[in-house]
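Enquirer: One structure coming up, written as structure tokens, with questions to follow.
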Amino acid sequence: MFALSSASFADGQEMPQKHGNKVQNVSPELSWTDPPEGTRSFALSVVDWHPVARGYVHWLVVDLPADARGLEEGAHDAGLPGRAREVAPYAGPFPPAGTHDYDFILYALDTEHADVRGKGDLKHFLAAVEPHALATAKLVGKFTKQG
């Protein structure tokens with residue numbers, strides 16, 4: 001079964017503070033297993049759906065190679081594999097107060113290139129990615145504002 005996980009946090013659990021925008025702003029390590037047959041690339045979205053955040057985009061990546069099985073911690077700075085590119089650069093969690101959930105969704109795509117129009121826009125990202133999605137894998141990280 002197609003699955004997304006992280007060595008940084010378990011599904012539904014608190015993300016370390018270093019991943020936060022106001023701390024070190026380091027993207028977490030991500031890994032995935034068992035993509036569906038026919039996968040030609042991957043795309044990743046990280047979105048805060050809390051009512052206050054209203055679908056704030058924290059990271060959009062497309063064109064991750066089909067043979068990739070993860071991203072190292074800090075991949076947004078260290079370099080993405082292959083021809084992968086950021087549609088929206090990594091912006092770590094920064095809830096105004098309390099705890100928010102951050103949805104990491106990995107899309108297995110039947111195309112090598114997702115033709116995303118617009119800059120950092122979730123609507124355009126989804127329009128380019130969803131028609132090509134063979135499957136999705138989801139990981140939820142919680143983040144609590146400190147202080």
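Here, A, B, ... name the chains of the structure tokens in the order displayed, residue numbers run from 1 inside each chain, and ligands are numbered from 1 in the same displayed order.
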Need the shell around Leu126 (chain A): protein/DNA/RNA residues with any atom at most 12 Å away, counting only C-alpha atoms. Skip same-chain ones fewer than 6 positions apart. Format as number ranges by chain?
Expert: A: 43-45, 57, 60-62, 87, 105-107, 109, 114-118, 120, 132-133
Enquirer: Between CA of Ala10 (chain A) and CA of Lys123 (chain A), what is the distance, to one decimal in Å?
Expert: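 Pair CA of Ala10 (chain A) / CA of Lys123 (chain A) returns 27.9 Å.
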Enquirer: Within 9 Å of region 31-37 of chain A, which residues of region 67-116 of chain A show up? Give each one with its shortest atom-to-atom distance in Å (one decimal) and the two atoms involved, counting only C-alpha atoms, rows by chain then rising residue number, as CSV.
Expert:
```
residue,atom,partner,partner_atom,distance
A:Ala68,CA,A:Trp32,CA,8.6
A:Arg69,CA,A:Trp32,CA,5.2
A:Gly70,CA,A:Ser31,CA,3.9
A:Leu71,CA,A:Ser31,CA,6.4
A:Glu72,CA,A:Ser31,CA,8.3
A:Leu106,CA,A:Trp32,CA,8.6
A:Ala108,CA,A:Pro35,CA,6.5
```
Enquirer: Take the selection from the previous step and output its residues with C-alpha atoms, as a PDB file, in the first residue's frame.
Expert:
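Contents of the output file again_3.pdb:
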```pdb
ATOM      1  CA  ALA A  68      12.663   8.599  -5.580  1.00  0.00           C
ATOM      2  CA  ARG A  69      11.574   7.134  -2.250  1.00  0.00           C
ATOM      3  CA  GLY A  70      12.055  10.149  -0.038  1.00  0.00           C
ATOM      4  CA  LEU A  71      13.396  13.590   0.703  1.00  0.00           C
ATOM      5  CA  GLU A  72      16.136  14.200   3.215  1.00  0.00           C
ATOM      6  CA  LEU A 106       2.155  12.841  -1.835  1.00  0.00           C
ATOM      7  CA  ALA A 108       1.872   9.319  -7.478  1.00  0.00           C
TER       8      ALA A 108
END
```
Enquirer: With distances taken over only C-alpha atoms, which residue among A:Ala97, A:Ala3, A:Ala88, A:Ala66 lies nearest Thr144 (chain A)?
Expert: A:Ala97
Enquirer: Residues within 10 Å of region 75-81 of chain A, please, as a PyMOL selection string. Count only C-alpha atoms; anything in the same chain fewer than 4 positions from it doesn't count.
Expert: chain A and resi 25-30+59+61+63-65+67-68+70-71+85-86+89-91
Enquirer: Run DSSP on the backbone and grab whatever in region 52-109 of chain A lands in alpha helix (DSSP H); send it over as a PDB file with C-alpha atoms, in the first residue's frame.
Expert:
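out_18.pdb, written as the output of this step:
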```pdb
ATOM      1  CA  ALA A  75      15.796  19.038   1.063  1.00  0.00           C
ATOM      2  CA  HIS A  76      14.293  22.443   0.288  1.00  0.00           C
ATOM      3  CA  ASP A  77      17.783  23.927   0.826  1.00  0.00           C
ATOM      4  CA  ALA A  78      20.024  20.936   0.049  1.00  0.00           C
TER       5      ALA A  78
END
```
Enquirer: Could you state the separation of CA of Glu73 (chain A) and CA of Arg40 (chain A) in Å, given to one decimal place?
Expert: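 Computed distance, CA of Glu73 (chain A) to CA of Arg40 (chain A), equals 23.4 Å.
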Enquirer: Which neighbours of Ala53 (chain A) fall inside 12 Å, counting only C-alpha atoms, when residues of the same chain fewer than 5 positions from it are skipped, and could you give them as a JSON list (two decimals) with C-alpha atoms, in the first residue's frame?
Expert:
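Printed below is result.json as written:
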```
[["chain", "number", "residue", "atom", "x", "y", "z"],
["A", 47, "VAL", "CA", -1.12, 22.64, 3.55],
["A", 48, "ASP", "CA", -2.58, 24.00, 6.81],
["A", 58, "HIS", "CA", 3.54, 25.62, 3.14],
["A", 93, "PRO", "CA", 4.62, 25.83, 10.22],
["A", 94, "PHE", "CA", 3.80, 29.08, 12.02],
["A", 95, "PRO", "CA", 0.33, 28.99, 13.56],
["A", 96, "PRO", "CA", -0.75, 32.32, 15.08],
["A", 97, "ALA", "CA", -1.72, 30.49, 18.29],
["A", 99, "THR", "CA", -1.87, 23.82, 17.50],
["A", 100, "HIS", "CA", -2.56, 23.34, 13.80],
["A", 101, "ASP", "CA", -2.53, 20.22, 11.63],
["A", 102, "TYR", "CA", -0.33, 20.20, 8.53]]
```
Enquirer: Check the smallest atom-to-atom distance from each of A:Ala128, A:Gly82, A:Gly74, A:Asp110 to Ser8 (chain A) using only C-alpha atoms, then report the winner.
Expert: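 Closest residue, counting only C-alpha atoms: A:Gly74.
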Enquirer: Taking the DSSP assignment computed from this structure's backbone, write out as a PyMOL selection string all residues of chain A that belong to strand (DSSP E).
Expert: chain A and resi 3-5+13-14+30-33+41-48+56-65+70-71+85-88+99-109+133-144
